[in-house]
Amino acid sequence: MADPQPSTPVPLCARCKSGPGTVTGRNDPLCSTCFLSYARSKPIKRMDPFRVRNTPNNVPPPLLLLPFSFGVSSLALLHILKEQMSSQRSRVGKTGYELLVVWVDDSRISGDGSGNVQREETFKHLESHFGGEDSGITFKSVRLEDIYTYSQPQDTSTPSIEGTNLEKLRTLISSLPSLSSKQDILTTLLTRFLTLLAIQHSSPAILFSHSTTRLAEKTLSETAKGRGYSVPWSTSDCAIPLTLPLLPQSPHRQLQTIYPLRDLLKKELHTYLSLTPTLQPFHIPSSSATSSSQSLIPTSAAKDTSIDSLMHQYFSQMEQTYPSIVANVVKTIGRVPAPTHPVTSTEVAAEVEQSVPNCAVCGFPIDMDEADVWEEEDQDVKKLSVGVLSELGIRVEELCGGCRRSLEGAKEGVGAKWPL
């Protein structure tokens with residue numbers, strides 16, 4: 001009888017040198033305590049602008065908007081920020097910020113009614129667990145179709161001749177020709193809705209829970225969709241290039257986007273979740289919380305695979321074997337400065353007015369050099385879009401290249417209305 005093979009000894013933690021290195025970090029084995037400390041330190045460093053010392057005593061802390069999706073990233077970020085706020089309160093008696101956790105419910109677009117019941121119940125339990133009178137965290141749920149109400153307030157006592165908000169959004173999405181365009185427009189609407197909510201609540205910043213992996217996906221997918229020009233704005237910690245009249249008169253002159261988890265891979269966030277059992281009841285895996293954009297048309301055929309789905313599959317595999325490549329994609333785009341535009345000074349409130357127009361769909365500034373190329377080389381696309389855009393209330397010259405591609409081939413005569 002052969003002797004049993006000796007078991008491989010568990011290496012010591014590369015940080016504390018005392019505990020067993022049972023968790024594989026980016027490069028070295030770590031004990032669970034050191035890994036949790038490492039994972040928490042990354043987003044906390046990104047939150048430096050909202051430390052307690054930066055908030056005057058006679059001014060209430062700023063309210064930061066945190067989009068929530070029941071995924072591992074938004075759940076981990078909420079937990080880390082909750083712990084930071086508790087630590088601040090125990091040390092100095094106040095916090096450097098407060099949180100508004102927003103869930104945008106898109107289930108009525110996807111038709112996932114059964115899954116939505118689970119999410120509604122989970123969101124209530126989440127509020128009970130993380131919220132409370134003295135927590136500094138409030139929770140809000142809205143439906144994606146309500147973007148029509150938030151962006152175009154109107155008398156709701158009488159029904160609109162154009163139909164309900166849900167009917168308007170379904171008509172808009174069903175008029176689009178492909179899964180890629182449906183996903184793109186839904187993602188755009190979600191981002192702009194969150195921006196509207198941040199403005200409504202006078203929030204100085206939106207805290208997106210994108211991991212390194214997610215930002216790498218977004219960098220390549222946005223470039224492939226024709227929005228390479230705006231990638232530095234959509235993936236970096238920076239001020240959103242909004243049209244200034246949208247901003248309310250508030251102490252915060254600009255609306256920032258911050259990605260606190262940009263230095264953590266998606267697989268590291270899954271490890272964080274596995275080491276934090278109290279969070280697991282609030283996690284709804286993506287397989288059971290299918291987004292509306294993924295369920296609009298069947299994806300059995302290769303031609304029905306969207307750009308976003310391809311990038312997700314690619315980087316999900318890449319982070320397992322080549323995590324440094326994924327991180328380098330994000331580091332590289334992080335070094336690219338957002339394009340600057342000539343501005344005209346005005347005397348009103350020391351504000352400036354951009355001389356470059358913003359896209360009517362995605363809201364980002366238009367690359368005027370690319371617009372000239374469209375005018376010269378893509379007359380067929382321009383003709384194809386004119387009828388659709390007249391229904392949406394948008395002119396061709398008000399669109400960036402990426403949004404023109406998403407709307408190319410949309411159905412005419414269906415009464416689609418753009419909500420913004």
# chains A, B, ... in the order shown; residues from 1 in each chain; ligands from 1

call {"tool": "residues_around", "arguments": {"residues": "range 258-264 of chain A", "least_positions_apart": "4", "cutoff": "9 Å", "atoms": "only C-alpha atoms", "output": "number ranges by chain"}}
result
A: 39, 42-47, 73, 77, 205-215, 235-239, 268-269, 327, 330

call {"tool": "closest_residue", "arguments": {"among": "A:Arg91, A:Asp134, A:Arg143, A:Lys168", "to": "Ser107 in chain A", "atoms": "only C-alpha atoms"}}
result
A:Arg143

call {"tool": "residues_around", "arguments": {"residues": "Leu100 in chain A", "least_positions_apart": "5", "cutoff": "8 Å", "atoms": "only C-alpha atoms", "output": "ChimeraX atom specification"}}
result
/A:63-66,137-140

call {"tool": "write_last_selection", "arguments": {"atoms": "C-alpha atoms", "output": "PDB file, in the first residue's frame"}}
result
ATOM      1  CA  LEU A  63     -25.164  63.614   0.323  1.00  0.00           C
ATOM      2  CA  LEU A  64     -23.484  61.192  -2.088  1.00  0.00           C
ATOM      3  CA  LEU A  65     -25.542  59.052  -4.452  1.00  0.00           C
ATOM      4  CA  LEU A  66     -24.690  55.337  -4.550  1.00  0.00           C
ATOM      5  CA  ILE A 137     -27.851  56.301   4.905  1.00  0.00           C
ATOM      6  CA  THR A 138     -31.192  56.657   3.138  1.00  0.00           C
ATOM      7  CA  PHE A 139     -32.687  54.378   0.504  1.00  0.00           C
ATOM      8  CA  LYS A 140     -34.720  55.178  -2.589  1.00  0.00           C
TER       9      LYS A 140
END

call {"tool": "select_by_dssp", "arguments": {"residues": "range 117-263 of chain A", "states": "alpha helix (DSSP H)", "output": "VMD selection string"}}
result
chain A and resid 117 to 130 147 to 151 165 to 174 179 to 200 212 to 224 231 to 235

call {"tool": "write_last_selection", "arguments": {"atoms": "C-alpha atoms", "output": "short mmCIF file (atom, residue, chain, number, x, y, z; two decimals), in the first residue's frame"}}
result
data_model
loop_
_atom_site.label_atom_id
_atom_site.label_comp_id
_atom_site.auth_asym_id
_atom_site.auth_seq_id
_atom_site.Cartn_x
_atom_site.Cartn_y
_atom_site.Cartn_z
CA VAL A 117 -40.42 40.43 -6.09
CA GLN A 118 -37.18 39.03 -4.71
CA ARG A 119 -35.37 42.31 -5.32
CA GLU A 120 -38.10 44.37 -3.67
CA GLU A 121 -38.01 42.23 -0.54
CA THR A 122 -34.21 42.23 -0.48
CA PHE A 123 -34.11 46.02 -0.83
CA LYS A 124 -36.43 46.38 2.18
CA HIS A 125 -34.20 44.08 4.25
CA LEU A 126 -31.15 45.99 3.05
CA GLU A 127 -32.67 49.25 4.28
CA SER A 128 -33.47 47.69 7.66
CA HIS A 129 -29.92 46.36 7.99
CA PHE A 130 -27.92 49.39 6.79
CA ILE A 147 -37.22 59.12 -16.23
CA TYR A 148 -39.95 60.64 -18.40
CA THR A 149 -41.53 62.20 -15.30
CA TYR A 150 -38.27 63.38 -13.73
CA SER A 151 -36.97 64.96 -16.93
CA ASN A 165 -44.19 56.25 -19.09
CA LEU A 166 -43.84 52.47 -19.36
CA GLU A 167 -45.44 52.42 -22.80
CA LYS A 168 -43.18 55.24 -23.98
CA LEU A 169 -40.02 53.45 -22.84
CA ARG A 170 -41.10 50.10 -24.27
CA THR A 171 -41.87 51.77 -27.59
CA LEU A 172 -38.48 53.47 -27.62
CA ILE A 173 -36.52 50.30 -26.83
CA SER A 174 -38.51 48.06 -29.19
CA LEU A 179 -29.25 43.86 -28.83
CA SER A 180 -26.16 46.09 -28.77
CA SER A 181 -28.21 49.21 -29.45
CA LYS A 182 -30.86 48.24 -26.88
CA GLN A 183 -28.24 47.63 -24.19
CA ASP A 184 -26.44 50.83 -25.10
CA ILE A 185 -29.52 53.05 -24.93
CA LEU A 186 -30.77 51.44 -21.70
CA THR A 187 -27.37 51.92 -20.06
CA THR A 188 -27.33 55.52 -21.27
CA LEU A 189 -30.81 56.15 -19.85
CA LEU A 190 -29.82 54.60 -16.52
CA THR A 191 -26.73 56.79 -16.23
CA ARG A 192 -28.61 59.95 -17.15
CA PHE A 193 -31.45 59.08 -14.75
CA LEU A 194 -28.93 58.74 -11.92
CA THR A 195 -27.52 62.11 -12.92
CA LEU A 196 -30.99 63.66 -12.73
CA LEU A 197 -31.54 62.16 -9.28
CA ALA A 198 -28.17 63.45 -8.07
CA ILE A 199 -29.06 66.95 -9.28
CA GLN A 200 -32.50 66.75 -7.67
CA THR A 212 -11.22 47.27 -12.32
CA THR A 213 -12.68 44.49 -14.45
CA ARG A 214 -15.88 46.42 -15.18
CA LEU A 215 -13.96 49.58 -16.10
CA ALA A 216 -11.76 47.60 -18.50
CA GLU A 217 -14.90 46.19 -20.12
CA LYS A 218 -16.37 49.67 -20.42
CA THR A 219 -13.19 51.15 -21.89
CA LEU A 220 -13.11 48.72 -24.79
CA SER A 221 -16.87 48.48 -25.35
CA GLU A 222 -17.37 52.25 -25.44
CA THR A 223 -14.47 52.59 -27.85
CA ALA A 224 -15.90 49.86 -30.09
CA VAL A 231 -14.10 57.33 -22.41
CA PRO A 232 -11.91 59.50 -20.10
CA TRP A 233 -15.11 61.10 -18.74
CA SER A 234 -17.05 57.85 -18.41
CA THR A 235 -14.33 55.84 -16.66
#

call {"tool": "atom_distance", "arguments": {"atom1": "CA of Ser86 in chain A", "atom2": "CA of Gly19 in chain A"}}
result
27.0 Å

call {"tool": "select_by_dssp", "arguments": {"residues": "range 64-151 of chain A", "states": "strand (DSSP E or B)", "output": "NGL selection string"}}
result
:A and (64-67 or 98-105 or 137-143)

call {"tool": "residues_around", "arguments": {"residues": "Leu275 in chain A", "least_positions_apart": "2", "cutoff": "10 Å", "atoms": "only C-alpha atoms", "output": "MDAnalysis selection string"}}
result
chainID A and resid 23 32:33 35:36 269:273 277:280

call {"tool": "write_last_selection", "arguments": {"atoms": "N, CA, C and O atoms", "output": "PDB file, in the first residue's frame"}}
result
ATOM      1  N   VAL A  23      -6.019  33.005   1.453  1.00  0.00           N
ATOM      2  CA  VAL A  23      -6.678  33.785   0.405  1.00  0.00           C
ATOM      3  C   VAL A  23      -5.621  34.252  -0.586  1.00  0.00           C
ATOM      4  O   VAL A  23      -4.598  34.819  -0.188  1.00  0.00           O
ATOM      5  N   SER A  32      -7.253  35.983   5.907  1.00  0.00           N
ATOM      6  CA  SER A  32      -8.543  36.639   5.667  1.00  0.00           C
ATOM      7  C   SER A  32      -8.572  38.050   6.249  1.00  0.00           C
ATOM      8  O   SER A  32      -9.125  38.977   5.650  1.00  0.00           O
ATOM      9  N   THR A  33      -7.964  38.241   7.422  1.00  0.00           N
ATOM     10  CA  THR A  33      -7.958  39.567   8.054  1.00  0.00           C
ATOM     11  C   THR A  33      -7.197  40.581   7.205  1.00  0.00           C
ATOM     12  O   THR A  33      -7.666  41.702   6.973  1.00  0.00           O
ATOM     13  N   PHE A  35      -6.542  40.338   3.988  1.00  0.00           N
ATOM     14  CA  PHE A  35      -7.219  40.564   2.710  1.00  0.00           C
ATOM     15  C   PHE A  35      -8.355  41.565   2.868  1.00  0.00           C
ATOM     16  O   PHE A  35      -8.518  42.471   2.042  1.00  0.00           O
ATOM     17  N   LEU A  36      -9.159  41.424   3.919  1.00  0.00           N
ATOM     18  CA  LEU A  36     -10.259  42.370   4.139  1.00  0.00           C
ATOM     19  C   LEU A  36      -9.721  43.778   4.356  1.00  0.00           C
ATOM     20  O   LEU A  36     -10.302  44.759   3.870  1.00  0.00           O
ATOM     21  N   LEU A 269     -13.622  41.169  -5.272  1.00  0.00           N
ATOM     22  CA  LEU A 269     -14.875  41.539  -4.606  1.00  0.00           C
ATOM     23  C   LEU A 269     -15.690  40.291  -4.263  1.00  0.00           C
ATOM     24  O   LEU A 269     -16.370  40.257  -3.229  1.00  0.00           O
ATOM     25  N   HIS A 270     -15.629  39.278  -5.119  1.00  0.00           N
ATOM     26  CA  HIS A 270     -16.297  38.014  -4.786  1.00  0.00           C
ATOM     27  C   HIS A 270     -15.652  37.378  -3.552  1.00  0.00           C
ATOM     28  O   HIS A 270     -16.351  36.805  -2.700  1.00  0.00           O
ATOM     29  N   THR A 271     -14.340  37.486  -3.456  1.00  0.00           N
ATOM     30  CA  THR A 271     -13.653  36.977  -2.262  1.00  0.00           C
ATOM     31  C   THR A 271     -14.082  37.765  -1.029  1.00  0.00           C
ATOM     32  O   THR A 271     -14.312  37.186   0.044  1.00  0.00           O
ATOM     33  N   TYR A 272     -14.195  39.073  -1.172  1.00  0.00           N
ATOM     34  CA  TYR A 272     -14.641  39.917  -0.056  1.00  0.00           C
ATOM     35  C   TYR A 272     -16.026  39.477   0.421  1.00  0.00           C
ATOM     36  O   TYR A 272     -16.285  39.372   1.628  1.00  0.00           O
ATOM     37  N   LEU A 273     -16.908  39.218  -0.525  1.00  0.00           N
ATOM     38  CA  LEU A 273     -18.253  38.777  -0.173  1.00  0.00           C
ATOM     39  C   LEU A 273     -18.221  37.433   0.545  1.00  0.00           C
ATOM     40  O   LEU A 273     -18.941  37.222   1.535  1.00  0.00           O
ATOM     41  N   PRO A 277     -19.997  37.008   5.716  1.00  0.00           N
ATOM     42  CA  PRO A 277     -21.266  36.265   5.636  1.00  0.00           C
ATOM     43  C   PRO A 277     -22.503  37.126   5.816  1.00  0.00           C
ATOM     44  O   PRO A 277     -23.566  36.801   5.258  1.00  0.00           O
ATOM     45  N   THR A 278     -22.411  38.225   6.562  1.00  0.00           N
ATOM     46  CA  THR A 278     -23.602  39.047   6.797  1.00  0.00           C
ATOM     47  C   THR A 278     -24.104  39.710   5.519  1.00  0.00           C
ATOM     48  O   THR A 278     -25.264  40.137   5.454  1.00  0.00           O
ATOM     49  N   LEU A 279     -23.256  39.799   4.491  1.00  0.00           N
ATOM     50  CA  LEU A 279     -23.665  40.441   3.236  1.00  0.00           C
ATOM     51  C   LEU A 279     -24.352  39.475   2.277  1.00  0.00           C
ATOM     52  O   LEU A 279     -25.101  39.901   1.395  1.00  0.00           O
ATOM     53  N   GLN A 280     -24.091  38.202   2.423  1.00  0.00           N
ATOM     54  CA  GLN A 280     -24.524  37.239   1.416  1.00  0.00           C
ATOM     55  C   GLN A 280     -26.040  37.168   1.211  1.00  0.00           C
ATOM     56  O   GLN A 280     -26.492  36.949   0.080  1.00  0.00           O
TER      57      GLN A 280
END

call {"tool": "atom_distance", "arguments": {"atom1": "CA of Cys13 in chain A", "atom2": "CA of Leu30 in chain A"}}
result
4.3 Å
